[in-house]
Structure formats: C-alpha cells, structure tokens
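Here's the structure, in structure tokens; my notes come after.
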Amino acid sequence: MAGSSFGTLFTVTTWGESHGKGVGVVVDGCPSGLLLQESDIQAFLNRRKPGQNKYATPRKEADEVEILSGIFEGRTTGTPISMVVRNTSQRSGDYGEIASYYRPGHADYTFDQKYGFRDYRGGGRSSGRETIGRVAAGAIAVKILNSLGVSICTYTKAIGPVTAEHFHPELIADNPLYMPDTDASERAQAYLDDCMKHHDSSGGVVECIVSHFPAGAGTPVFEKLDANLGKAVFSIGAVKAVEIGDGFAAATATGLINNDGFCCSADGHIGKSTNHSGGILGGISDGSDIIIRAAFKPTPSIFSTQQTVNRQGESIDINIKGRHDPIIVPRAVVVVESMTAITLVDALLCGMGARMEHLKLIWKSES
C-alpha cells in the first residue's frame, strides 16, 4: 500500500498492523552526530501507551522500542534509523465478526472499496497503533529541535464541551487527560465518566505551541509550512479539523484586528506585537510561536447498539467487542507533537542544511 511515507529530506515511513507481529518505522535523513538512545524514544512512546488509566484502552502493551540500525556508539550515523515495537497483547478473536460487516465511523467500507480486501483485526493499518512509528520518529525530531533551542508544548485543549481556560504547563503531565488546567481536567473527567456510563465516547482538541523556531522556514507556494503542517496533522487518524493561529476565528475578524503589527525589541530583533497568524506568514515561519490545534472526532468503537449493513448490503444491528479508548485525545497529544516536529525538522533541512553542525552554525547566524 502506497502512502506510508512522509517528508522530503527528513523522511518517515511507518509499517505494520495492529494485530501483526509488530509495528515500526524507518527514519531517513537524520543528520549524523545526534546523541540518541532507546530511552529517548521510549519516553515518548510511554506517553501514548495503552492501559495507563480508565480513559484509555485496557489493552496491555509494553510498547518497548528496539533500534535496529542507524546508531553507533550512541550517535546517529546519518544512515536510515529503523525501529520496531513488538505486539504482545493481540486478541484477534474479538474482531472475527467484523469481517462480515462495516463498523460505523471506521474505515472498513472504504478499505473494501479501495482494495477489495482488508485486515479487519483491529483495523490493520488504520488502527491507532500505527502511530507508534510516528511517535518514535517524532522523538528524534523533537531531540533535533531541542538541540537547536526550539521547544514544543502540546496538551489537551478541550474534551467535549469542557475547554481549558487556564494554562499551567507544569500540570500537563500530572493528570490523565494531559490538560494544563486542574479544574477543567476534573470537569472533563466527570463528563467522560458519564459518556462511559452510557456506552458512548467523546472527541476533543489538542493544541501544540512551538517556541523559538526561526523565521524563514517553508516556501510561499506548494511547500508552505502551514500547508505541510496541516497535511501532517490531518494524516493522524480521527483528526477532522486543523487550525493555525486564530484559525476559523480569522474569518469573523477584521483586518485591523487580525493583522499582526511588527515591532523591534531593545536588542534589535524584529518581532510582532500580536500573533493572530500563529507564527506563519505567506507559508513561511515568522519567528513567533507556531500555534496549531487539531480537532479529534469521538472514538467510533462504542459499546452501544448501532445500525449498519453487512457486505451483502443487509441491515443489521451490531454491538462492537474488543478493547477501545472512550476518548482518543489524551493519547493523541504526543502524536500531534511528533508530526509537528517531523514537519519542522524537514522544513529546516530543506532550507538550511543537512548536518547537525551546519544547522547549528546557521542557527547562530540567524540569532
């Protein structure tokens, strides 16, 4: 199946199925000399690991990563980095009935129409388990960005009707929903408890803020930075909308409100007085915070009775079995961060060089 690779110079190719022997990724184009070990990757995978609380699928997987290539003496060699995570807790029997019908909200029907054949065990390639490869690659991308002084903060902005009104980044890792607002997290948990009580699920919004990213990355036409970020985040399963900066709110603003005025700091650096653009103008980064939001639909696998049709076109009622998340959003936080980081590293490599020492020299000259 084509379409499993992303990027121009920093390329990421994921592989594997939810109920196969394992899932993984090949990262090509990573500059040589980057300090990297399996624990760097594992820290990111632990953020999306299943079974950590009642708001995630009870499927128990260690999700332990193994680096197969591209590392020597603790540093990247500049050659492809291949990583694998073995599947150890498949229960394919839970999905036996799915082969004969199409689950509402899933890709069962569209897979059949495209390929005439599908791996129905847990969704195959359309399973959220595919994102393991993205997160492993994202860990590398984030480490590259951090070495250049770029920081990324990603969190749950909203769950159902509950929106985080306050921003305390130190709280993000301290609650099961990855929200930066304790009161909002508690209200969101109560809302999810009610959804679960009624065998239902919820959607939500993930927000990602990238700080200290330099101006000048991206191009003004087909390789716009915002267009590539949109494609990257939209490629995550269950994402139905992406905003950058003010997003849809810009459509109801006036030019006087929406335009970001430029100013000069005391040390002579040009900046903006506001950031309605979300850090990107004309498809090119402008040096201010890049702000991205992704809207996720509710988990389609719910335990309520639903109406659908089988492959013969007959109407049937179904009750989905298996182990499923009542909400995708908290485990998707690190996936959004990863796809954002991958896109930004690719943009830097396309415009500013292909080796770590070159990037650092360019970074210093731009600072």
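Just remember, in the structure tokens the first chain shown is A, the second B, etc., residues are 1-based per chain, and ligands are 1-based in the order shown.
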
Determine, counting only C-alpha atoms, which protein, DNA and RNA residues have an atom within 10 Å of an atom of stretch 25-35 of chain A; residues of the same chain fewer than 5 positions away are not included. Present the result as number ranges by chain. A: 4-16, 40, 67-85, 130-138, 140-141, 143-144, 147, 345-346, 349, 353-359

At a cut-off of 12 Å, using only C-alpha atoms, what residues contact A:Ser39? Leave out same-chain residues fewer than 2 positions from it and give the result as an MDAnalysis selection string. chainID A and resid 35:37 41:46 64:67 74 136 139:140

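With only C-alpha atoms as the atoms that count, the minimum distance from A:Tyr55 to the choices A:Thr182, A:Ser211, A:Thr299, A:Asn228 is reached by A:Thr299.
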
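In this comparison, which uses only C-alpha atoms, the residue of A:Pro214, A:Ala232, A:Asn319, A:Asp183 approaching A:Ser151 most closely is A:Pro214.
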
For A:Asp112, which residue out of A:Asn87, A:Ser185, A:Asn310, A:Ser202 is the nearest one, using only C-alpha atoms? A:Asn310

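Those residues that approach A:Thr340 to within 8 Å, counting only C-alpha atoms, are Leu229, Ala232, Val233, Val336 and Leu344 of chain A; same-chain residues fewer than 4 positions away are not listed.
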
List the neighbours of stretch 162-176 of chain A out to 10 Å using only C-alpha atoms; skip same-chain residues closer than 2 positions along the sequence, and give me the result as a ChimeraX atom specification. /A:47,52-56,153-160,178-189,191,204-205,330-331

Keeping only N, CA, C and O atoms, write the selected residues as a tab-separated table (two decimals), in the first residue's frame.
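Everything below was put into out21.tsv:
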chain	number	residue	atom	x	y	z
A	47	ARG	N	4.17	7.98	26.57
A	47	ARG	CA	3.10	8.98	26.63
A	47	ARG	C	1.87	8.54	25.84
A	47	ARG	O	0.77	9.07	26.08
A	52	GLN	N	-3.03	2.85	30.62
A	52	GLN	CA	-2.46	3.60	31.74
A	52	GLN	C	-3.51	4.14	32.70
A	52	GLN	O	-3.20	4.47	33.85
A	53	ASN	N	-4.76	4.29	32.24
A	53	ASN	CA	-5.84	4.74	33.11
A	53	ASN	C	-7.17	4.33	32.49
A	53	ASN	O	-7.20	3.75	31.40
A	54	LYS	N	-8.27	4.64	33.18
A	54	LYS	CA	-9.57	4.16	32.71
A	54	LYS	C	-10.06	4.87	31.46
A	54	LYS	O	-11.06	4.45	30.85
A	55	TYR	N	-9.36	5.94	31.03
A	55	TYR	CA	-9.77	6.66	29.83
A	55	TYR	C	-9.01	6.19	28.59
A	55	TYR	O	-9.09	6.81	27.54
A	56	ALA	N	-8.25	5.12	28.73
A	56	ALA	CA	-7.52	4.54	27.60
A	56	ALA	C	-7.92	3.08	27.46
A	56	ALA	O	-8.42	2.45	28.40
A	153	CYS	N	5.38	22.51	23.32
A	153	CYS	CA	4.46	22.19	24.42
A	153	CYS	C	3.12	21.79	23.81
A	153	CYS	O	2.49	22.58	23.10
A	154	THR	N	2.71	20.56	24.06
A	154	THR	CA	1.48	20.03	23.47
A	154	THR	C	0.59	19.49	24.59
A	154	THR	O	1.08	18.86	25.52
A	155	TYR	N	-0.71	19.71	24.47
A	155	TYR	CA	-1.62	19.35	25.56
A	155	TYR	C	-3.05	19.26	25.04
A	155	TYR	O	-3.36	19.65	23.92
A	156	THR	N	-3.92	18.74	25.90
A	156	THR	CA	-5.34	18.68	25.59
A	156	THR	C	-5.96	20.04	25.88
A	156	THR	O	-5.97	20.50	27.02
A	157	LYS	N	-6.50	20.66	24.85
A	157	LYS	CA	-7.14	21.97	24.99
A	157	LYS	C	-8.61	21.83	25.40
A	157	LYS	O	-9.13	22.63	26.18
A	158	ALA	N	-9.28	20.81	24.85
A	158	ALA	CA	-10.70	20.63	25.15
A	158	ALA	C	-11.09	19.17	25.03
A	158	ALA	O	-10.52	18.42	24.22
A	159	ILE	N	-12.07	18.78	25.84
A	159	ILE	CA	-12.69	17.45	25.74
A	159	ILE	C	-14.19	17.67	25.77
A	159	ILE	O	-14.73	18.21	26.74
A	160	GLY	N	-14.87	17.27	24.70
A	160	GLY	CA	-16.30	17.51	24.61
A	160	GLY	C	-16.59	18.99	24.83
A	160	GLY	O	-15.97	19.85	24.20
A	178	TYR	N	-3.97	15.07	30.29
A	178	TYR	CA	-2.92	15.98	29.78
A	178	TYR	C	-3.46	17.39	29.55
A	178	TYR	O	-3.16	18.03	28.54
A	179	MET	N	-4.23	17.88	30.50
A	179	MET	CA	-4.77	19.24	30.42
A	179	MET	C	-3.95	20.16	31.32
A	179	MET	O	-3.53	19.75	32.41
A	180	PRO	N	-3.74	21.43	30.92
A	180	PRO	CA	-2.95	22.37	31.73
A	180	PRO	C	-3.80	23.15	32.73
A	180	PRO	O	-3.41	24.22	33.18
A	181	ASP	N	-4.95	22.61	33.07
A	181	ASP	CA	-5.93	23.30	33.91
A	181	ASP	C	-6.60	22.25	34.80
A	181	ASP	O	-7.36	21.40	34.31
A	182	THR	N	-6.32	22.28	36.10
A	182	THR	CA	-6.83	21.25	37.02
A	182	THR	C	-8.36	21.23	37.06
A	182	THR	O	-8.98	20.16	37.01
A	183	ASP	N	-8.98	22.39	37.14
A	183	ASP	CA	-10.44	22.44	37.20
A	183	ASP	C	-11.06	21.87	35.93
A	183	ASP	O	-12.01	21.08	36.00
A	184	ALA	N	-10.52	22.24	34.79
A	184	ALA	CA	-11.04	21.73	33.51
A	184	ALA	C	-10.84	20.22	33.43
A	184	ALA	O	-11.72	19.49	32.94
A	185	SER	N	-9.70	19.74	33.90
A	185	SER	CA	-9.44	18.30	33.86
A	185	SER	C	-10.46	17.54	34.70
A	185	SER	O	-10.98	16.49	34.28
A	186	GLU	N	-10.78	18.06	35.87
A	186	GLU	CA	-11.76	17.39	36.73
A	186	GLU	C	-13.14	17.38	36.10
A	186	GLU	O	-13.86	16.38	36.15
A	187	ARG	N	-13.53	18.51	35.48
A	187	ARG	CA	-14.84	18.56	34.81
A	187	ARG	C	-14.87	17.65	33.59
A	187	ARG	O	-15.89	17.00	33.30
A	188	ALA	N	-13.75	17.58	32.87
A	188	ALA	CA	-13.68	16.71	31.70
A	188	ALA	C	-13.76	15.24	32.11
A	188	ALA	O	-14.40	14.43	31.43
A	189	GLN	N	-13.12	14.88	33.22
A	189	GLN	CA	-13.19	13.50	33.69
A	189	GLN	C	-14.62	13.13	34.08
A	189	GLN	O	-15.08	12.01	33.80
A	191	TYR	N	-17.29	14.41	32.78
A	191	TYR	CA	-18.01	14.29	31.50
A	191	TYR	C	-17.72	12.93	30.85
A	191	TYR	O	-18.65	12.26	30.37
A	204	GLY	N	-12.40	15.83	21.08
A	204	GLY	CA	-11.73	16.91	21.78
A	204	GLY	C	-10.71	17.61	20.89
A	204	GLY	O	-10.63	17.34	19.69
A	205	VAL	N	-9.94	18.50	21.49
A	205	VAL	CA	-8.98	19.32	20.76
A	205	VAL	C	-7.61	19.24	21.41
A	205	VAL	O	-7.49	19.34	22.64
A	330	PRO	N	-6.24	12.25	24.75
A	330	PRO	CA	-5.04	12.28	25.61
A	330	PRO	C	-3.85	11.51	25.03
A	330	PRO	O	-2.71	11.98	25.09
A	331	ARG	N	-4.11	10.33	24.46
A	331	ARG	CA	-3.01	9.55	23.87
A	331	ARG	C	-2.55	10.14	22.54
A	331	ARG	O	-1.44	9.83	22.07

Could you give me, as JSON, numbers by chain, each residue of stretch 49-133 of chain A that DSSP assigns to helix (DSSP H, G or I) when run on this structure's backbone? {"A": [92, 93, 94, 95, 96, 97, 98, 99, 100, 108, 109, 110, 111, 112, 113, 114, 115, 124, 125, 126, 128, 129, 130, 131, 132, 133]}

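Shortest separation to A:Gly279 among A:Val142, A:Ile209, A:Ala227, A:Val242 occurs at residue A:Ile209, atoms counted being only C-alpha atoms.
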
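Counting from atom CA of A:Ile236, the distance to atom CA of A:Gly282 is 24.7 Å.
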
List the neighbours of A:Ser285 out to 8 Å using only C-alpha atoms; skip same-chain residues closer than 3 positions along the sequence, and give me the result as a VMD selection string. chain A and resid 213 to 218 225 279 to 281 288 290

Keeping only C-alpha atoms, write the selected residues to a file as a PDB file, in the first residue's frame.
ATOM      1  CA  PHE A 213      11.523  28.386  15.893  1.00  0.00           C
ATOM      2  CA  PRO A 214      13.422  30.652  13.464  1.00  0.00           C
ATOM      3  CA  ALA A 215      11.895  32.815  10.754  1.00  0.00           C
ATOM      4  CA  GLY A 216      12.411  31.704   7.161  1.00  0.00           C
ATOM      5  CA  ALA A 217      11.368  28.029   7.061  1.00  0.00           C
ATOM      6  CA  GLY A 218       8.880  26.996   4.383  1.00  0.00           C
ATOM      7  CA  LEU A 225       4.930  25.458   6.150  1.00  0.00           C
ATOM      8  CA  GLY A 279       3.762  32.047  13.586  1.00  0.00           C
ATOM      9  CA  ILE A 280       3.443  31.642   9.819  1.00  0.00           C
ATOM     10  CA  LEU A 281       3.025  34.317   7.131  1.00  0.00           C
ATOM     11  CA  SER A 288       6.920  33.915  16.700  1.00  0.00           C
ATOM     12  CA  ILE A 290       3.766  28.436  15.929  1.00  0.00           C
TER      13      ILE A 290
END

For a test of reading the model, state the distance in Å between atom CA of A:Ser301 and atom CA of A:Ile320, rounded to one decimal. 6.6 Å

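Relative to atom CA of A:Gly20, atom CA of A:Tyr120 is found at 11.3 Å.
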